[in-house]
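Peer 1: Coordinates in protein-v7.cif, mmCIF, C-alpha atoms, are listed below.
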```
data_coords
loop_
_atom_site.group_PDB
_atom_site.id
_atom_site.type_symbol
_atom_site.label_atom_id
_atom_site.label_comp_id
_atom_site.auth_asym_id
_atom_site.auth_seq_id
_atom_site.Cartn_x
_atom_site.Cartn_y
_atom_site.Cartn_z
ATOM 1 C CA MET W 1 -130.042 -37.118 69.184
ATOM 2 C CA ALA W 2 -130.969 -33.683 70.524
ATOM 3 C CA THR W 3 -128.305 -34.021 73.225
ATOM 4 C CA GLY W 4 -125.547 -34.586 70.687
ATOM 5 C CA LEU W 5 -123.752 -37.505 69.096
ATOM 6 C CA THR W 6 -123.263 -39.707 72.123
ATOM 7 C CA ALA W 7 -121.973 -43.259 71.840
ATOM 8 C CA PRO W 8 -125.448 -44.803 72.308
ATOM 9 C CA ALA W 9 -126.903 -42.420 69.716
ATOM 10 C CA LEU W 10 -124.182 -43.299 67.204
ATOM 11 C CA ALA W 11 -124.704 -47.013 67.864
ATOM 12 C CA ALA W 12 -128.460 -46.665 67.277
ATOM 13 C CA LEU W 13 -127.830 -44.690 64.115
ATOM 14 C CA SER W 14 -125.352 -47.270 62.841
ATOM 15 C CA ALA W 15 -127.750 -50.127 63.641
ATOM 16 C CA ALA W 16 -130.559 -48.380 61.754
ATOM 17 C CA ARG W 17 -128.332 -47.855 58.710
ATOM 18 C CA THR W 18 -127.157 -51.463 58.769
ATOM 19 C CA ASP W 19 -130.745 -52.723 58.956
ATOM 20 C CA VAL W 20 -131.743 -50.583 55.972
ATOM 21 C CA ASP W 21 -128.631 -51.625 54.003
ATOM 22 C CA GLN W 22 -129.390 -55.281 54.571
ATOM 23 C CA SER W 23 -133.007 -54.760 53.541
ATOM 24 C CA LEU W 24 -132.048 -52.952 50.338
ATOM 25 C CA SER W 25 -129.160 -55.047 49.146
ATOM 26 C CA PRO W 26 -129.602 -58.691 48.235
ATOM 27 C CA GLY W 27 -125.978 -58.702 47.049
ATOM 28 C CA THR W 28 -122.757 -59.037 48.990
ATOM 29 C CA PRO W 29 -123.005 -58.051 52.659
ATOM 30 C CA GLN W 30 -120.821 -55.023 53.345
ATOM 31 C CA ASP W 31 -119.010 -56.779 56.190
ATOM 32 C CA LEU W 32 -117.968 -59.782 54.103
ATOM 33 C CA ALA W 33 -114.929 -58.290 52.369
ATOM 34 C CA GLY W 34 -113.623 -56.975 55.682
ATOM 35 C CA LEU W 35 -114.177 -60.327 57.367
ATOM 36 C CA GLU W 36 -112.423 -62.156 54.524
ATOM 37 C CA ALA W 37 -109.459 -59.788 54.884
ATOM 38 C CA ALA W 38 -109.448 -60.305 58.645
ATOM 39 C CA ALA W 39 -109.503 -64.092 58.219
ATOM 40 C CA GLU W 40 -106.469 -63.885 55.966
ATOM 41 C CA SER W 41 -104.602 -61.488 58.243
ATOM 42 C CA TYR W 42 -104.864 -63.865 61.194
ATOM 43 C CA GLY W 43 -102.861 -66.364 59.179
ATOM 44 C CA TYR W 44 -99.825 -64.091 59.191
ATOM 45 C CA GLY W 45 -99.013 -64.849 62.824
ATOM 46 C CA TYR W 46 -99.272 -63.318 66.238
ATOM 47 C CA HIS W 47 -97.103 -60.275 65.361
ATOM 48 C CA GLY W 48 -95.960 -59.944 68.953
ATOM 49 C CA GLN W 49 -99.479 -60.080 70.335
ATOM 50 C CA ALA W 50 -100.418 -62.464 73.104
ATOM 51 C CA PRO W 51 -102.355 -65.490 71.814
ATOM 52 C CA THR W 52 -105.227 -64.507 74.088
ATOM 53 C CA ARG W 53 -105.472 -61.129 72.320
ATOM 54 C CA VAL W 54 -105.496 -62.816 68.901
ATOM 55 C CA LEU W 55 -108.137 -65.225 70.190
ATOM 56 C CA ALA W 56 -110.311 -62.355 71.419
ATOM 57 C CA ASP W 57 -110.073 -60.662 68.006
ATOM 58 C CA LEU W 58 -110.865 -63.912 66.185
ATOM 59 C CA VAL W 59 -113.928 -64.556 68.307
ATOM 60 C CA THR W 60 -115.128 -60.964 67.852
ATOM 61 C CA ASP W 61 -114.872 -61.318 64.075
ATOM 62 C CA PHE W 62 -116.483 -64.750 64.211
ATOM 63 C CA VAL W 63 -119.414 -63.268 66.158
ATOM 64 C CA THR W 64 -119.710 -60.539 63.491
ATOM 65 C CA LEU W 65 -119.815 -63.246 60.813
ATOM 66 C CA ARG W 66 -122.539 -65.285 62.522
ATOM 67 C CA PRO W 67 -125.562 -63.106 61.661
ATOM 68 C CA LEU W 68 -124.548 -63.129 57.996
ATOM 69 C CA LEU W 69 -124.813 -66.919 58.057
ATOM 70 C CA THR W 70 -128.306 -66.868 59.571
ATOM 71 C CA VAL W 71 -130.032 -64.972 56.764
ATOM 72 C CA PRO W 72 -130.663 -66.319 53.265
ATOM 73 C CA GLN W 73 -127.845 -65.416 50.875
ATOM 74 C CA PRO W 74 -127.220 -66.093 47.184
ATOM 75 C CA ALA W 75 -125.230 -69.319 46.766
ATOM 76 C CA PRO W 76 -121.890 -67.633 45.851
ATOM 77 C CA ILE W 77 -122.139 -65.340 48.906
ATOM 78 C CA ARG W 78 -123.065 -68.262 51.162
ATOM 79 C CA THR W 79 -120.005 -70.126 49.874
ATOM 80 C CA ARG W 80 -117.734 -67.163 50.698
ATOM 81 C CA LEU W 81 -119.302 -66.837 54.146
ATOM 82 C CA CYS W 82 -118.764 -70.521 54.867
ATOM 83 C CA TRP W 83 -115.171 -70.350 53.606
ATOM 84 C CA THR W 84 -114.467 -67.373 55.872
ATOM 85 C CA ALA W 85 -116.157 -69.063 58.824
ATOM 86 C CA GLY W 86 -114.150 -72.227 58.171
ATOM 87 C CA GLN W 87 -110.846 -70.408 58.111
ATOM 88 C CA MET W 88 -111.645 -68.285 61.179
ATOM 89 C CA ALA W 89 -112.872 -71.305 63.126
ATOM 90 C CA GLY W 90 -109.767 -73.250 62.129
ATOM 91 C CA MET W 91 -107.465 -70.477 63.256
ATOM 92 C CA THR W 92 -109.415 -70.167 66.502
ATOM 93 C CA ALA W 93 -108.827 -73.897 67.009
ATOM 94 C CA ILE W 94 -105.105 -73.430 66.350
ATOM 95 C CA VAL W 95 -104.789 -70.630 68.907
ATOM 96 C CA LEU W 96 -106.752 -72.671 71.450
ATOM 97 C CA HIS W 97 -104.406 -75.579 70.767
ATOM 98 C CA ASP W 98 -101.417 -73.294 71.298
ATOM 99 C CA LEU W 99 -102.968 -72.226 74.618
ATOM 100 C CA GLY W 100 -103.419 -75.863 75.668
ATOM 101 C CA SER W 101 -107.219 -75.963 75.509
ATOM 102 C CA ARG W 102 -107.669 -79.352 73.861
ATOM 103 C CA ARG W 103 -111.437 -79.767 74.214
ATOM 104 C CA GLU W 104 -112.267 -76.309 72.880
ATOM 105 C CA SER W 105 -109.711 -76.712 70.102
ATOM 106 C CA ARG W 106 -111.388 -79.956 68.961
ATOM 107 C CA ALA W 107 -114.809 -78.280 69.008
ATOM 108 C CA TRP W 108 -113.562 -75.361 66.885
ATOM 109 C CA PHE W 109 -111.882 -77.766 64.454
ATOM 110 C CA ALA W 110 -115.238 -79.542 64.105
ATOM 111 C CA THR W 111 -116.951 -76.222 63.352
ATOM 112 C CA SER W 112 -114.222 -75.412 60.850
ATOM 113 C CA ALA W 113 -114.669 -78.785 59.133
ATOM 114 C CA ARG W 114 -118.447 -78.290 58.887
ATOM 115 C CA ALA W 115 -117.976 -74.837 57.365
ATOM 116 C CA ALA W 116 -115.355 -76.189 54.938
ATOM 117 C CA ALA W 117 -117.760 -78.952 53.894
ATOM 118 C CA GLU W 118 -120.546 -76.456 53.302
ATOM 119 C CA SER W 119 -118.217 -74.218 51.306
ATOM 120 C CA ASP W 120 -117.484 -77.280 49.139
ATOM 121 C CA ASP W 121 -113.814 -76.324 49.091
ATOM 122 C CA ASP W 122 -111.561 -79.393 49.132
ATOM 123 C CA GLN W 123 -108.466 -77.298 49.763
ATOM 124 C CA LEU W 124 -109.949 -75.674 52.865
ATOM 125 C CA HIS W 125 -111.118 -79.078 54.084
ATOM 126 C CA ALA W 126 -107.588 -80.471 53.565
ATOM 127 C CA TRP W 127 -106.126 -77.477 55.427
ATOM 128 C CA VAL W 128 -108.461 -78.086 58.385
ATOM 129 C CA LEU W 129 -107.551 -81.770 58.537
ATOM 130 C CA SER W 130 -103.811 -81.122 58.266
ATOM 131 C CA ARG W 131 -103.911 -78.512 61.031
ATOM 132 C CA LYS W 132 -106.086 -80.768 63.176
ATOM 133 C CA ALA W 133 -103.427 -83.491 62.774
ATOM 134 C CA MET W 134 -101.077 -81.351 64.866
ATOM 135 C CA VAL W 135 -103.232 -81.868 67.971
ATOM 136 C CA PRO W 136 -102.702 -85.620 68.356
ATOM 137 C CA LEU W 137 -99.113 -85.244 67.178
ATOM 138 C CA ASN W 138 -98.362 -82.732 69.932
ATOM 139 C CA TYR W 139 -100.097 -84.874 72.533
ATOM 140 C CA GLY W 140 -98.258 -88.105 71.749
ATOM 141 C CA ALA W 141 -100.604 -89.875 69.351
ATOM 142 C CA PRO W 142 -98.639 -90.112 66.089
ATOM 143 C CA ARG W 143 -100.906 -92.769 64.544
ATOM 144 C CA ALA W 144 -103.971 -90.529 64.927
ATOM 145 C CA ALA W 145 -101.955 -87.638 63.494
ATOM 146 C CA ALA W 146 -100.860 -89.755 60.515
ATOM 147 C CA GLU W 147 -104.463 -90.857 59.877
ATOM 148 C CA LEU W 148 -105.641 -87.218 59.838
ATOM 149 C CA ALA W 149 -102.726 -86.213 57.620
ATOM 150 C CA GLY W 150 -103.664 -89.012 55.204
ATOM 151 C CA ARG W 151 -107.262 -87.805 55.134
ATOM 152 C CA ALA W 152 -105.968 -84.285 54.441
ATOM 153 C CA ARG W 153 -103.892 -85.583 51.545
ATOM 154 C CA ARG W 154 -106.883 -87.423 50.082
ATOM 155 C CA ALA W 155 -109.092 -84.339 50.516
ATOM 156 C CA ALA W 156 -106.499 -82.249 48.682
ATOM 157 C CA GLY W 157 -106.858 -84.484 45.644
ATOM 158 C CA THR W 158 -104.279 -84.909 42.923
ATOM 159 C CA ARG W 159 -103.231 -81.289 42.642
ATOM 160 C CA PRO W 160 -99.573 -80.618 43.463
ATOM 161 C CA THR W 161 -99.043 -79.781 47.095
ATOM 162 C CA ALA W 162 -96.675 -77.346 48.734
ATOM 163 C CA ALA W 163 -94.398 -80.339 49.381
ATOM 164 C CA ALA W 164 -93.985 -80.789 45.617
ATOM 165 C CA VAL W 165 -92.512 -77.322 45.112
ATOM 166 C CA PRO W 166 -89.576 -75.690 46.886
ATOM 167 C CA ALA W 167 -90.763 -74.116 50.118
ATOM 168 C CA PRO W 168 -89.658 -70.668 51.257
ATOM 169 C CA PRO W 169 -87.345 -70.561 54.277
ATOM 170 C CA SER W 170 -89.116 -71.363 57.533
ATOM 171 C CA PRO W 171 -89.594 -68.591 60.093
ATOM 172 C CA PRO W 172 -87.260 -68.773 63.113
ATOM 173 C CA ALA W 173 -90.132 -69.403 65.551
ATOM 174 C CA PRO W 174 -93.518 -71.066 65.077
ATOM 175 C CA THR W 175 -96.276 -68.619 64.229
ATOM 176 C CA LEU W 176 -99.732 -68.756 62.837
ATOM 177 C CA SER W 177 -98.198 -68.068 59.423
ATOM 178 C CA THR W 178 -97.513 -71.782 59.146
ATOM 179 C CA THR W 179 -101.254 -72.314 59.497
ATOM 180 C CA ARG W 180 -102.418 -69.935 56.817
ATOM 181 C CA ALA W 181 -104.977 -71.105 54.335
ATOM 182 C CA SER W 182 -104.881 -68.214 51.902
ATOM 183 C CA ARG W 183 -108.184 -66.853 50.709
ATOM 184 C CA PRO W 184 -108.454 -67.735 47.054
ATOM 185 C CA ALA W 185 -108.747 -65.025 44.486
ATOM 186 C CA PRO W 186 -112.047 -65.137 42.652
ATOM 187 C CA HIS W 187 -112.231 -68.254 40.470
ATOM 188 C CA SER W 188 -109.064 -69.754 41.935
ATOM 189 C CA ARG W 189 -108.295 -72.244 44.664
ATOM 190 C CA PRO W 190 -106.065 -71.774 47.711
ATOM 191 C CA PRO W 191 -102.729 -73.568 47.717
ATOM 192 C CA THR W 192 -102.896 -77.195 48.766
ATOM 193 C CA PRO W 193 -101.516 -77.762 52.279
ATOM 194 C CA SER W 194 -98.628 -80.154 52.516
#
```
Is it possible to give me this structure as structure tokens?
Peer 2:
Amino acid sequence: MATGLTAPALAALSAARTDVDQSLSPGTPQDLAGLEAAAESYGYGYHGQAPTRVLADLVTDFVTLRPLLTVPQPAPIRTRLCWTAGQMAGMTAIVLHDLGSRRESRAWFATSARAAAESDDDQLHAWVLSRKAMVPLNYGAPRAAAELAGRARRAAGTRPTAAAVPAPPSPPAPTLSTTRASRPAPHSRPPTPS
């Protein structure tokens, strides 16, 4: 530190503060709100960015989320972490699908489904299944797509779906906005995917 605030010195200082913060606070991790906001923002589309850039940002945020999942957390915080991980993993799978990486897309969908199951959020699980149904549909397997879509419908339960209410006009070109699983407000559920 005697030589000034260099990048390595600032990184060490930040790491020390983060370690102390995590030791002091058994409550909500400071990064969680930012990660939840990031997860939601990815659902708004590419915004002119290359899919590879969006993918790099998603993976960076997913890597930031990982350590929060490895330490014991109160149950409500763990649920939020799993929900965020599920949505980020699902959107990573969607971008990989858009880029034509089928195997990696399937693996990320599986991670998303596991996180959705741990979050115990039926709506997120239905969203994952409905988005996953696009993979076999796009690759010429409509029966597999219909089976996944049926599972998504069952996972969504009896709540009204987006198909039951008038939908807003569709965007002129496909974007990630059609994949958005909105982060629920506290004590509410995200909209059911159609």
Peer 1: For a cutoff of 12 Å around the file-coordinate point (-102.3, -91.1, 62.0), which residues qualify once you count all atoms listed in the file? I'd like the result as a PyMOL selection string.
Peer 2: chain W and resi 129-130+132-137+140-153
Peer 1: Can you give me, as a compact mmCIF listing (two decimals) with C-alpha atoms, keeping the file's coordinate frame, the residues this file yields under the PyMOL selection byres ((chain W and resi 82) around 7)?
Peer 2:
```txt
# COMPACT_ATOMS: atom_id res chain seq x y z
CA ARG W 78 -123.06 -68.26 51.16
CA THR W 79 -120.00 -70.13 49.87
CA ARG W 80 -117.73 -67.16 50.70
CA LEU W 81 -119.30 -66.84 54.15
CA TRP W 83 -115.17 -70.35 53.61
CA THR W 84 -114.47 -67.37 55.87
CA ALA W 85 -116.16 -69.06 58.82
CA GLY W 86 -114.15 -72.23 58.17
CA ALA W 115 -117.98 -74.84 57.36
CA ALA W 116 -115.36 -76.19 54.94
CA GLU W 118 -120.55 -76.46 53.30
CA SER W 119 -118.22 -74.22 51.31
```
Peer 1: Which one of W:Gln49, W:Asp120, W:Gly100, W:Ser112 sits closest to Tyr139 (chain W) if you count only C-alpha atoms?
Peer 2: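 With only C-alpha atoms as the atom set, the closest residue is W:Gly100.
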Peer 1: Please expand the PyMOL selection byres ((chain W and resi 42) around 8) into the concrete residues it hits in this file, giving the result as a PyMOL selection string.
Peer 2: chain W and resi 38-41+43-46+54+58+91+176+180
Peer 1: Separation of CA of Gly157 (chain W) and CA of Ala126 (chain W), in Å?
Peer 2: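 The value is 8.9 Å.
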Peer 1: Nearest residue to Leu55 (chain W) out of W:Asp122, W:Asp98, W:Asp31, W:Glu36, using only C-alpha atoms?
Peer 2: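 That would be W:Asp98, the residue with the smallest distance to Leu55 (chain W).
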Peer 1: What does the distance from CA of Thr70 (chain W) to CA of Ala110 (chain W) come to in Å, to one decimal?
Peer 2: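 Computed distance, CA of Thr70 (chain W) to CA of Ala110 (chain W), equals 18.8 Å.
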Peer 1: Have a look at CA of Leu35 (chain W) and CA of Ala93 (chain W) and let me know their distance in Å, one decimal.
Peer 2: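 Separating CA of Leu35 (chain W) from CA of Ala93 (chain W) is a distance of 17.5 Å.
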Peer 1: Set up a box along x, y and z of the file covering all listed atoms of region 89-97 of chain W, add 6 Å on every one of the six sides, and write the centre and edge lengths in Å to one decimal, as AutoDock Vina command-line options.
Peer 2:
```
--center_x -108.6 --center_y -72.9 --center_z 66.8 --size_x 20.5 --size_y 17.4 --size_z 21.3
```
Peer 1: Could you tell me which of W:Arg154, W:Ala113, W:Thr92, W:Gln123 comes closest to Thr60 (chain W) if we count only C-alpha atoms?
Peer 2: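 Among the listed residues, W:Thr92 lies closest to Thr60 (chain W).
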